[in-house]
file coords-v5.csv (CSV, C-alpha atoms)
chain,number,residue,atom,x,y,z
R,1,MET,CA,-17.4,-1.6,-64.1
R,2,LYS,CA,-16.7,0.7,-61.2
R,3,GLY,CA,-15.9,4.4,-61.6
R,4,THR,CA,-17.0,7.0,-64.1
R,5,GLN,CA,-16.6,6.5,-67.8
R,6,ILE,CA,-17.2,9.0,-70.6
R,7,VAL,CA,-18.4,7.1,-73.7
R,8,LEU,CA,-18.4,8.9,-77.1
R,9,GLY,CA,-20.3,7.4,-80.0
R,10,GLN,CA,-22.9,7.9,-82.7
R,11,HIS,CA,-26.7,7.6,-82.7
R,12,ASP,CA,-28.1,7.3,-86.2
R,13,GLY,CA,-25.0,9.0,-87.5
R,14,ARG,CA,-25.2,11.9,-85.1
R,15,PRO,CA,-22.7,12.8,-82.3
R,16,ALA,CA,-23.6,11.4,-78.9
R,17,ALA,CA,-22.0,11.1,-75.5
R,18,ALA,CA,-22.8,9.3,-72.3
R,19,ARG,CA,-21.5,9.4,-68.8
R,20,VAL,CA,-21.7,6.0,-67.1
R,21,VAL,CA,-21.2,5.7,-63.3
R,22,ASP,CA,-20.5,2.2,-61.9
R,23,GLY,CA,-21.9,0.7,-65.1
R,24,ARG,CA,-25.1,2.7,-65.0
R,25,LEU,CA,-26.1,5.4,-67.4
R,26,ASP,CA,-26.0,8.7,-65.5
R,27,ASP,CA,-26.2,11.4,-68.2
R,28,LEU,CA,-26.8,11.4,-72.0
R,29,LEU,CA,-26.3,13.9,-74.8
R,30,ILE,CA,-27.5,13.3,-78.4
R,31,ASP,CA,-27.5,15.8,-81.2
R,32,GLY,CA,-30.8,16.4,-83.0
R,33,ALA,CA,-31.2,15.5,-86.7
R,34,ASP,CA,-31.9,19.1,-87.7
R,35,ASP,CA,-30.0,22.4,-87.3
R,36,THR,CA,-32.0,23.7,-84.4
R,37,PRO,CA,-29.7,26.0,-82.5
R,38,VAL,CA,-28.3,24.5,-79.3
R,39,PRO,CA,-27.5,26.4,-76.1
R,40,GLY,CA,-24.4,28.4,-76.6
R,41,THR,CA,-25.1,29.4,-80.2
R,42,VAL,CA,-24.5,33.1,-80.8
R,43,PHE,CA,-26.5,35.2,-83.3
R,44,ARG,CA,-26.4,38.7,-84.5
R,45,ALA,CA,-30.0,39.6,-83.8
R,46,ILE,CA,-32.4,42.4,-84.8
R,47,CYS,CA,-34.9,43.6,-82.2
R,48,ASP,CA,-38.3,43.2,-83.6
R,49,ARG,CA,-41.4,43.6,-81.4
R,50,PRO,CA,-41.6,44.3,-77.6
R,51,VAL,CA,-44.3,42.7,-75.6
R,52,LYS,CA,-45.9,45.1,-73.2
R,53,GLY,CA,-46.4,44.0,-69.6
R,54,GLN,CA,-43.8,41.2,-69.9
R,55,GLY,CA,-40.6,43.3,-70.4
R,56,GLY,CA,-39.5,41.1,-73.2
R,57,MET,CA,-38.7,41.5,-76.9
R,58,PHE,CA,-39.0,39.2,-79.9
R,59,VAL,CA,-35.8,39.3,-82.0
R,60,ARG,CA,-35.0,38.2,-85.6
R,61,LEU,CA,-32.2,35.6,-85.6
R,62,GLY,CA,-31.9,34.9,-89.3
R,63,ASP,CA,-32.4,31.4,-90.8
R,64,GLY,CA,-36.1,32.1,-90.4
R,65,LEU,CA,-35.8,31.9,-86.6
R,66,THR,CA,-37.4,34.1,-84.0
R,67,GLY,CA,-35.8,34.6,-80.6
R,68,TRP,CA,-37.4,35.7,-77.2
R,69,HIS,CA,-35.3,38.0,-75.1
R,70,ARG,CA,-37.0,38.2,-71.7
R,71,ASN,CA,-35.2,41.3,-70.5
R,72,ALA,CA,-35.6,44.0,-73.2
R,73,LYS,CA,-35.1,47.1,-71.0
R,74,GLY,CA,-33.5,49.8,-73.0
R,75,LEU,CA,-33.8,48.0,-76.3
R,76,ALA,CA,-35.7,49.4,-79.4
R,77,PRO,CA,-37.1,47.8,-82.5
R,78,GLY,CA,-34.5,47.7,-85.3
R,79,GLN,CA,-31.6,47.7,-82.8
R,80,VAL,CA,-28.7,45.2,-83.6
R,81,LEU,CA,-27.3,43.2,-80.7
R,82,LEU,CA,-25.5,39.9,-80.1
R,83,VAL,CA,-27.5,37.2,-78.3
R,84,GLN,CA,-26.8,33.7,-77.1
R,85,VAL,CA,-29.2,30.8,-77.0
R,86,THR,CA,-29.9,29.7,-73.4
R,87,GLY,CA,-32.2,26.7,-73.9
R,88,HIS,CA,-34.4,24.7,-76.3
R,89,ALA,CA,-37.7,26.1,-77.5
R,90,GLU,CA,-40.9,24.1,-77.4
R,91,PRO,CA,-42.3,23.4,-80.9
R,92,GLY,CA,-43.8,26.5,-82.4
R,93,LYS,CA,-42.2,28.9,-79.8
R,94,ALA,CA,-39.4,31.4,-80.0
R,95,VAL,CA,-35.9,30.4,-79.1
R,96,PRO,CA,-34.9,31.7,-75.6
R,97,VAL,CA,-31.9,34.1,-75.8
R,98,THR,CA,-29.9,36.5,-73.7
R,99,ASP,CA,-27.5,39.4,-74.4
R,100,ARG,CA,-25.3,38.3,-71.6
R,101,ILE,CA,-23.0,36.2,-73.7
R,102,LEU,CA,-20.5,33.7,-72.2
R,103,PHE,CA,-17.7,32.0,-74.1
R,104,LYS,CA,-17.1,28.7,-72.2
R,105,SER,CA,-14.5,26.0,-72.7
R,106,ARG,CA,-13.1,23.2,-70.6
R,107,TYR,CA,-10.7,25.3,-68.5
R,108,CYS,CA,-12.1,28.9,-68.8
R,109,ILE,CA,-15.1,31.2,-69.3
R,110,VAL,CA,-14.7,34.5,-70.9
R,111,THR,CA,-17.2,37.1,-69.6
R,112,PRO,CA,-17.8,40.2,-71.8
R,113,GLU,CA,-18.7,43.3,-69.8
R,114,ALA,CA,-17.8,41.6,-66.6
R,115,PRO,CA,-14.1,42.4,-66.0
R,116,GLY,CA,-11.9,40.5,-63.6
R,117,LEU,CA,-9.7,37.4,-63.3
R,118,ASN,CA,-11.1,34.8,-61.0
R,119,VAL,CA,-10.5,31.1,-60.1
R,120,ALA,CA,-13.3,28.6,-59.3
R,121,ARG,CA,-14.0,28.4,-55.5
R,122,SER,CA,-13.5,24.6,-55.6
R,123,ILE,CA,-9.8,25.2,-56.1
R,124,GLU,CA,-8.9,26.1,-52.6
R,125,GLU,CA,-5.1,25.7,-52.4
R,126,ASP,CA,-3.6,29.2,-52.4
R,127,THR,CA,-0.4,28.1,-54.2
R,128,GLU,CA,-2.5,26.5,-57.1
R,129,ARG,CA,-4.8,29.5,-57.3
R,130,ASP,CA,-1.8,31.9,-57.6
R,131,ARG,CA,-0.2,29.6,-60.2
R,132,LEU,CA,-3.3,29.7,-62.4
R,133,LEU,CA,-3.8,33.4,-62.0
R,134,GLU,CA,-0.2,34.0,-63.1
R,135,ILE,CA,-0.5,31.8,-66.2
R,136,ALA,CA,-3.8,33.5,-67.2
R,137,ASP,CA,-2.5,37.0,-66.6
R,138,GLY,CA,0.5,36.2,-68.8
R,139,ILE,CA,-1.6,34.9,-71.6
R,140,VAL,CA,-4.2,37.7,-71.6
R,141,PRO,CA,-2.6,40.7,-69.8
R,142,ASP,CA,-4.9,43.3,-71.3
R,143,ARG,CA,-8.5,42.2,-70.8
R,144,GLY,CA,-10.3,45.5,-71.2
R,145,ARG,CA,-14.0,45.2,-70.3
R,146,SER,CA,-14.0,41.4,-70.4
R,147,GLY,CA,-13.2,39.0,-67.7
R,148,ILE,CA,-12.0,35.4,-67.3
R,149,ILE,CA,-13.1,32.7,-64.9
R,150,LEU,CA,-10.8,29.7,-64.5
R,151,ARG,CA,-12.9,26.6,-64.0
R,152,SER,CA,-12.5,23.8,-61.5
R,153,ALA,CA,-11.0,21.6,-64.3
R,154,CYS,CA,-7.9,23.8,-64.2
R,155,ALA,CA,-6.6,22.3,-61.0
R,156,ASP,CA,-3.2,20.8,-61.7
R,157,VAL,CA,-3.5,21.3,-65.5
R,158,SER,CA,-0.3,21.9,-67.3
R,159,GLU,CA,0.6,25.5,-68.3
R,160,ALA,CA,0.6,24.5,-72.0
R,161,ASP,CA,-2.9,23.0,-71.9
R,162,LEU,CA,-4.3,26.0,-70.1
R,163,ALA,CA,-2.5,28.4,-72.5
R,164,ASP,CA,-3.9,26.6,-75.6
R,165,ASP,CA,-7.5,26.5,-74.2
R,166,LEU,CA,-7.5,30.1,-72.9
R,167,SER,CA,-5.9,31.6,-76.0
R,168,ALA,CA,-8.4,29.9,-78.3
R,169,THR,CA,-11.4,30.8,-76.2
R,170,TRP,CA,-10.3,34.4,-75.8
R,171,GLY,CA,-9.6,34.7,-79.5
R,172,LEU,CA,-13.0,33.5,-80.4
R,173,ALA,CA,-14.6,35.9,-77.9
R,174,MET,CA,-12.7,38.9,-79.3
R,175,ARG,CA,-13.6,38.0,-82.9
R,176,VAL,CA,-17.3,37.7,-82.1
R,177,LEU,CA,-17.4,40.9,-80.0
R,178,ALA,CA,-15.7,42.8,-82.8
R,179,ASP,CA,-18.6,42.0,-85.2
R,180,THR,CA,-20.0,45.0,-87.0
R,181,GLY,CA,-22.6,43.4,-89.3
R,182,GLN,CA,-26.1,44.7,-89.5
R,183,ASP,CA,-28.2,41.8,-90.7
R,184,ALA,CA,-29.6,38.9,-88.6
R,185,GLU,CA,-27.1,36.0,-88.8
R,186,ARG,CA,-25.9,32.9,-86.9
R,187,LEU,CA,-22.3,33.7,-86.0
R,188,PHE,CA,-21.2,30.4,-84.5
R,189,ASP,CA,-22.8,27.2,-83.2
R,190,GLY,CA,-22.8,26.0,-79.6
R,191,PRO,CA,-21.1,22.8,-78.7
R,192,ASP,CA,-22.3,19.4,-80.1
R,193,ALA,CA,-22.9,16.5,-77.8
R,194,GLN,CA,-19.3,15.3,-77.8
R,195,GLU,CA,-17.8,18.8,-77.4
R,196,LEU,CA,-20.1,19.5,-74.5
R,197,ALA,CA,-19.1,16.2,-72.8
R,198,TRP,CA,-15.4,17.1,-73.2
R,199,ARG,CA,-16.1,20.5,-71.8
R,200,ASP,CA,-18.2,19.7,-68.8
R,201,TRP,CA,-17.6,16.0,-67.8
R,202,GLU,CA,-14.8,14.3,-66.1
R,203,GLY,CA,-14.1,10.5,-66.3
R,204,ALA,CA,-12.1,7.8,-67.9
R,205,PRO,CA,-12.6,7.4,-71.7
R,206,SER,CA,-14.5,4.4,-72.9
R,207,ASP,CA,-15.8,3.0,-76.2
R,208,ASP,CA,-18.4,0.7,-74.9
R,209,TRP,CA,-21.3,2.3,-76.8
R,210,ASP,CA,-23.2,-1.0,-77.1
R,211,ASN,CA,-23.9,-1.1,-73.3
R,212,VAL,CA,-25.0,2.6,-73.6
R,213,ALA,CA,-27.4,1.8,-76.5
R,214,ASP,CA,-29.1,-0.9,-74.5
R,215,GLN,CA,-29.7,1.5,-71.6
R,216,ILE,CA,-31.0,4.2,-74.0
R,217,ASP,CA,-33.6,1.7,-75.3
R,218,ALA,CA,-34.9,1.3,-71.8
R,219,LEU,CA,-35.7,5.0,-71.7
R,220,ARG,CA,-38.2,4.7,-74.5
R,221,SER,CA,-40.6,3.5,-71.8
R,222,ASN,CA,-42.3,6.0,-69.4
R,223,ALA,CA,-42.1,3.5,-66.6
R,224,VAL,CA,-39.2,3.2,-64.2
R,225,THR,CA,-39.0,0.3,-61.7
R,226,LEU,CA,-37.3,1.0,-58.3
R,227,GLY,CA,-37.6,-2.2,-56.3
R,228,THR,CA,-41.3,-2.5,-55.4
R,229,THR,CA,-41.9,1.1,-56.5
R,230,THR,CA,-42.9,2.1,-60.1
R,231,ILE,CA,-42.8,5.7,-61.3
R,232,HIS,CA,-44.2,6.9,-64.6
R,233,VAL,CA,-42.6,10.0,-66.2
R,234,GLU,CA,-45.2,11.2,-68.7
R,235,PRO,CA,-44.7,14.4,-70.7
R,236,THR,CA,-47.8,16.2,-71.9
R,237,ARG,CA,-48.1,19.4,-73.9
R,238,ALA,CA,-48.5,21.6,-70.9
R,239,LEU,CA,-46.4,19.8,-68.2
R,240,VAL,CA,-44.6,16.6,-67.2
R,241,ALA,CA,-46.5,14.3,-64.8
R,242,VAL,CA,-44.6,12.0,-62.5
R,243,ASP,CA,-46.8,9.3,-60.9
R,244,VAL,CA,-45.5,7.2,-58.0
R,245,ASN,CA,-47.0,3.7,-57.4
R,246,THR,CA,-46.3,1.1,-54.7
R,247,PRO,CA,-48.2,-1.9,-53.4
R,248,GLU,CA,-46.9,-1.3,-49.9
R,249,GLY,CA,-49.1,0.5,-47.4
R,250,GLY,CA,-48.3,2.5,-44.3
R,251,ALA,CA,-44.7,3.6,-44.3
R,252,GLY,CA,-44.3,2.1,-47.7
R,253,GLY,CA,-45.7,5.3,-49.2
R,254,LEU,CA,-42.9,7.5,-47.8
R,255,ARG,CA,-40.2,4.9,-48.8
R,256,ALA,CA,-41.6,5.0,-52.4
R,257,ASN,CA,-41.6,8.8,-52.5
R,258,LEU,CA,-38.0,9.0,-51.2
R,259,ALA,CA,-36.9,6.4,-53.8
R,260,MET,CA,-38.5,8.5,-56.5
R,261,ALA,CA,-36.8,11.7,-55.1
R,262,LYS,CA,-33.4,10.1,-55.3
R,263,GLU,CA,-33.9,8.8,-58.9
R,264,LEU,CA,-35.8,11.8,-60.4
R,265,PRO,CA,-32.9,14.1,-61.3
R,266,ARG,CA,-31.2,11.2,-63.2
R,267,GLN,CA,-34.4,10.4,-65.1
R,268,LEU,CA,-35.0,14.0,-66.1
R,269,ARG,CA,-31.4,14.4,-67.3
R,270,LEU,CA,-31.5,11.3,-69.4
R,271,ARG,CA,-34.9,12.1,-70.9
R,272,GLY,CA,-33.9,15.8,-71.5
R,273,LEU,CA,-37.1,17.1,-69.8
R,274,GLY,CA,-37.7,20.7,-68.7
R,275,GLY,CA,-40.6,23.0,-68.0
R,276,GLN,CA,-43.3,22.4,-65.4
R,277,PHE,CA,-43.6,19.2,-63.4
R,278,VAL,CA,-46.3,17.8,-61.2
R,279,LEU,CA,-45.5,14.9,-58.9
R,280,ASP,CA,-48.4,12.7,-57.9
R,281,LEU,CA,-46.9,11.0,-54.9
R,282,ALA,CA,-47.8,7.8,-53.1
R,283,PRO,CA,-49.9,8.4,-50.0
R,284,MET,CA,-48.0,9.5,-46.9
R,285,PRO,CA,-48.8,11.5,-43.8
R,286,LYS,CA,-48.5,15.3,-44.0
R,287,LYS,CA,-45.9,15.1,-41.2
R,288,ASP,CA,-43.5,13.4,-43.7
R,289,ARG,CA,-43.7,16.2,-46.3
R,290,LYS,CA,-40.8,18.1,-44.8
R,291,GLY,CA,-38.5,15.1,-45.0
R,292,PHE,CA,-39.5,14.4,-48.6
R,293,GLU,CA,-38.8,18.0,-49.6
R,294,SER,CA,-35.4,17.8,-48.0
R,295,ALA,CA,-34.6,14.6,-49.9
R,296,LEU,CA,-35.7,16.1,-53.2
R,297,ARG,CA,-33.7,19.2,-52.6
R,298,THR,CA,-30.6,17.2,-51.8
R,299,ALA,CA,-31.1,15.0,-54.9
R,300,PHE,CA,-31.2,18.0,-57.2
R,301,ARG,CA,-28.3,19.9,-55.6
R,302,SER,CA,-25.7,18.2,-57.8
R,303,ASP,CA,-27.8,18.2,-60.9
R,304,PRO,CA,-26.3,20.5,-63.7
R,305,VAL,CA,-29.7,21.8,-64.9
R,306,GLU,CA,-31.3,24.6,-62.9
R,307,THR,CA,-34.4,23.3,-61.1
R,308,SER,CA,-36.7,25.1,-58.7
R,309,LEU,CA,-38.8,23.4,-56.1
R,310,ILE,CA,-42.2,25.2,-56.0
R,311,GLY,CA,-44.2,23.4,-53.3
R,312,TRP,CA,-47.4,21.7,-52.5
R,313,THR,CA,-50.8,22.0,-54.2
R,314,PRO,CA,-54.2,21.8,-52.4
R,315,LEU,CA,-54.6,18.3,-53.9
R,316,GLY,CA,-51.3,17.2,-52.3
R,317,HIS,CA,-49.2,17.2,-55.4
R,318,PHE,CA,-45.7,18.6,-55.5
R,319,GLU,CA,-44.6,21.1,-58.2
R,320,LEU,CA,-41.3,22.0,-59.6
R,321,THR,CA,-39.9,23.8,-62.6
R,322,ARG,CA,-36.7,23.0,-64.6
R,323,ARG,CA,-34.8,25.0,-67.3
R,324,ARG,CA,-35.3,23.6,-70.8
R,325,GLU,CA,-31.6,23.2,-71.6
R,326,ARG,CA,-31.9,20.0,-73.6
R,327,ARG,CA,-34.2,18.6,-76.3
R,328,PRO,CA,-36.5,15.9,-75.1
R,329,LEU,CA,-35.0,12.4,-75.7
R,330,THR,CA,-38.2,11.5,-77.6
R,331,GLU,CA,-37.3,14.1,-80.2
R,332,VAL,CA,-33.7,13.2,-80.7
R,333,LEU,CA,-34.4,9.5,-80.9

call {"tool": "encode", "arguments": {"input": "coords-v5.csv", "output": "structure tokens"}}
result
Amino acid sequence: MKGTQIVLGQHDGRPAAARVVDGRLDDLLIDGADDTPVPGTVFRAICDRPVKGQGGMFVRLGDGLTGWHRNAKGLAPGQVLLVQVTGHAEPGKAVPVTDRILFKSRYCIVTPEAPGLNVARSIEEDTERDRLLEIADGIVPDRGRSGIILRSACADVSEADLADDLSATWGLAMRVLADTGQDAERLFDGPDAQELAWRDWEGAPSDDWDNVADQIDALRSNAVTLGTTTIHVEPTRALVAVDVNTPEGGAGGLRANLAMAKELPRQLRLRGLGGQFVLDLAPMPKKDRKGFESALRTAFRSDPVETSLIGWTPLGHFELTRRRERRPLTEVL
């Protein structure tokens, strides 16, 4: 089936969502079986122990959880503050958090301590930008020290839909920011898989979960076949190794590496992988490295997870890092 479909379903009784492009699984979200906090969850935290030399602070989150706030300048042990989960922690490690909280919904983002009323740059038509600003200013005329960003999904949305979404999101933000508690506590949970899909994805609704389930099963293997090229995506405790193999010689090495570069963002999204990556490429001349880097950078440009290309090692491997925004698929399956 051509086009983009958003498929909502269940995996082992847990909310799940998939984006399918032209019949091929393109993105996947599945909730974990436990109550591990997901990105977007907000806690009232207690500063616990600073780490000298790193500028960070361990914080108590409640529920027996410990958070890691990487920018603790001006904070002191015992201080109470609101924090938001920014990613998934590796087993045995503290949950990454920030005190720069955002309240995000489908049509808007509320930004505490960052005043202003702005429209996404992707909405370019002046008439539409003015319409959206007028609606938002009418709904929340007094914003104080908080701001609002109107997201790209706002384009051509009805006034009623934008009003409902913005009112609900602003109301939630104000209730949380008015919190005066003194004990560590989870204040609200981040979005589950289906809520996140509704918030961030666009496409036609579909209920064809059976087709999605078959493609999920294929992800249980570390091997990915791309024509004559095979890549292996193998997580270890320290990093994720990506190995590229091809039976073709000569220019075949470059073709295999370019095929891997195009496919890699999709594979990492579907597998929920983050952290450090080492790419063991097929043999190719050094003169082709610049072209490979350009292809890899282009492939990751539209990927929603922040990824940094680090560069080449003395052994000819290529390294990159990726934010841990999702739990590995091996965990949620």

call {"tool": "residues_near_point", "arguments": {"input": "coords-v5.csv", "point": "(-31.3, 41.4, -87.8)", "cutoff": "6 Å", "atoms": "only C-alpha atoms", "output": "ChimeraX atom specification"}}
result
/R:45-46,60,183-184

call {"tool": "residues_around", "arguments": {"input": "coords-v5.csv", "residues": "region 224-239 of chain R", "least_positions_apart": "5", "cutoff": "9 Å", "atoms": "only C-alpha atoms", "output": "list in words"}}
result
Ala218, Leu219, Val244, Asn245, Thr246, Pro247, Glu248, Arg255, Ala256, Asn257, Ala259, Met260, Glu263, Gln267, Leu268, Leu273, Gly274, Gly275, Gln276, Phe277 and Val278 of chain R

call {"tool": "closest_residue", "arguments": {"input": "coords-v5.csv", "among": "R:Leu333, R:Ile101, R:Leu61, R:Ala213", "to": "Gly272 (chain R)", "atoms": "only C-alpha atoms"}}
result
R:Leu333

call {"tool": "residues_near_point", "arguments": {"input": "coords-v5.csv", "point": "(-18.3, 8.9, -58.2)", "cutoff": "7 Å", "atoms": "only C-alpha atoms", "output": "ChimeraX atom specification"}}
result
/R:3-4,21

call {"tool": "atom_distance", "arguments": {"input": "coords-v5.csv", "atom1": "CA of Asp142 (chain R)", "atom2": "CA of Cys154 (chain R)"}}
result
21.0 Å

call {"tool": "closest_residue", "arguments": {"input": "coords-v5.csv", "among": "R:Val42, R:Ala261, R:Val80, R:Ile139", "to": "Gly291 (chain R)", "atoms": "all atoms listed in the file"}}
result
R:Ala261

call {"tool": "closest_residue", "arguments": {"input": "coords-v5.csv", "among": "R:Val95, R:Ala89, R:Met57, R:Ile148", "to": "Leu117 (chain R)", "atoms": "only C-alpha atoms"}}
result
R:Ile148

call {"tool": "atom_distance", "arguments": {"input": "coords-v5.csv", "atom1": "CA of Thr180 (chain R)", "atom2": "CA of Arg49 (chain R)"}}
result
22.2 Å

call {"tool": "residues_around", "arguments": {"input": "coords-v5.csv", "residues": "Gly55 (chain R)", "least_positions_apart": "5", "cutoff": "9 Å", "atoms": "all atoms listed in the file", "output": "PDB file with C-alpha atoms, in the frame of the given file"}}
result
ATOM      1  CA  PRO R  50     -41.600  44.300 -77.600  1.00  0.00           C
ATOM      2  CA  HIS R  69     -35.300  38.000 -75.100  1.00  0.00           C
ATOM      3  CA  ARG R  70     -37.000  38.200 -71.700  1.00  0.00           C
ATOM      4  CA  ASN R  71     -35.200  41.300 -70.500  1.00  0.00           C
ATOM      5  CA  ALA R  72     -35.600  44.000 -73.200  1.00  0.00           C
ATOM      6  CA  LYS R  73     -35.100  47.100 -71.000  1.00  0.00           C
TER       7      LYS R  73
END

call {"tool": "build_atoms", "arguments": {"input": "coords-v5.csv", "residues": "region 288-303 of chain R", "atoms": "N, CA, C and O atoms", "output": "compact mmCIF listing (two decimals), in the coordinates of the input"}}
result
# COMPACT_ATOMS: atom_id res chain seq x y z
N ASP R 288 -44.69 13.87 -42.96
CA ASP R 288 -43.50 13.40 -43.70
C ASP R 288 -43.14 14.30 -44.87
O ASP R 288 -42.13 14.05 -45.55
N ARG R 289 -43.93 15.32 -45.12
CA ARG R 289 -43.70 16.20 -46.30
C ARG R 289 -42.33 16.89 -46.19
O ARG R 289 -41.60 17.02 -47.17
N LYS R 290 -42.00 17.37 -44.99
CA LYS R 290 -40.80 18.10 -44.80
C LYS R 290 -39.55 17.23 -45.15
O LYS R 290 -38.60 17.67 -45.82
N GLY R 291 -39.59 15.99 -44.70
CA GLY R 291 -38.50 15.10 -45.00
C GLY R 291 -38.39 14.75 -46.48
O GLY R 291 -37.29 14.64 -47.02
N PHE R 292 -39.55 14.63 -47.14
CA PHE R 292 -39.50 14.40 -48.60
C PHE R 292 -38.92 15.58 -49.32
O PHE R 292 -38.09 15.41 -50.22
N GLU R 293 -39.35 16.79 -48.97
CA GLU R 293 -38.80 18.00 -49.60
C GLU R 293 -37.29 18.07 -49.44
O GLU R 293 -36.55 18.41 -50.37
N SER R 294 -36.81 17.75 -48.24
CA SER R 294 -35.40 17.80 -48.00
C SER R 294 -34.63 16.78 -48.86
O SER R 294 -33.58 17.10 -49.42
N ALA R 295 -35.20 15.59 -49.01
CA ALA R 295 -34.60 14.60 -49.90
C ALA R 295 -34.56 15.00 -51.31
O ALA R 295 -33.58 14.79 -52.04
N LEU R 296 -35.64 15.63 -51.76
CA LEU R 296 -35.70 16.10 -53.20
C LEU R 296 -34.72 17.19 -53.41
O LEU R 296 -34.03 17.21 -54.44
N ARG R 297 -34.62 18.11 -52.47
CA ARG R 297 -33.70 19.20 -52.60
C ARG R 297 -32.24 18.72 -52.65
O ARG R 297 -31.42 19.18 -53.47
N THR R 298 -31.93 17.76 -51.82
CA THR R 298 -30.60 17.20 -51.80
C THR R 298 -30.28 16.46 -53.12
O THR R 298 -29.18 16.58 -53.66
N ALA R 299 -31.27 15.77 -53.67
CA ALA R 299 -31.10 15.00 -54.90
C ALA R 299 -30.75 15.97 -56.07
O ALA R 299 -29.93 15.66 -56.94
N PHE R 300 -31.41 17.12 -56.12
CA PHE R 300 -31.20 18.00 -57.20
C PHE R 300 -30.00 18.96 -57.05
O PHE R 300 -29.61 19.66 -57.99
N ARG R 301 -29.40 18.94 -55.87
CA ARG R 301 -28.30 19.90 -55.60
C ARG R 301 -27.13 19.69 -56.52
O ARG R 301 -26.48 20.66 -56.93
N SER R 302 -26.83 18.45 -56.90
CA SER R 302 -25.70 18.20 -57.80
C SER R 302 -26.07 18.07 -59.24
O SER R 302 -25.22 17.76 -60.08
N ASP R 303 -27.33 18.32 -59.55
CA ASP R 303 -27.80 18.20 -60.90
C ASP R 303 -27.36 19.46 -61.71
O ASP R 303 -27.49 20.58 -61.19
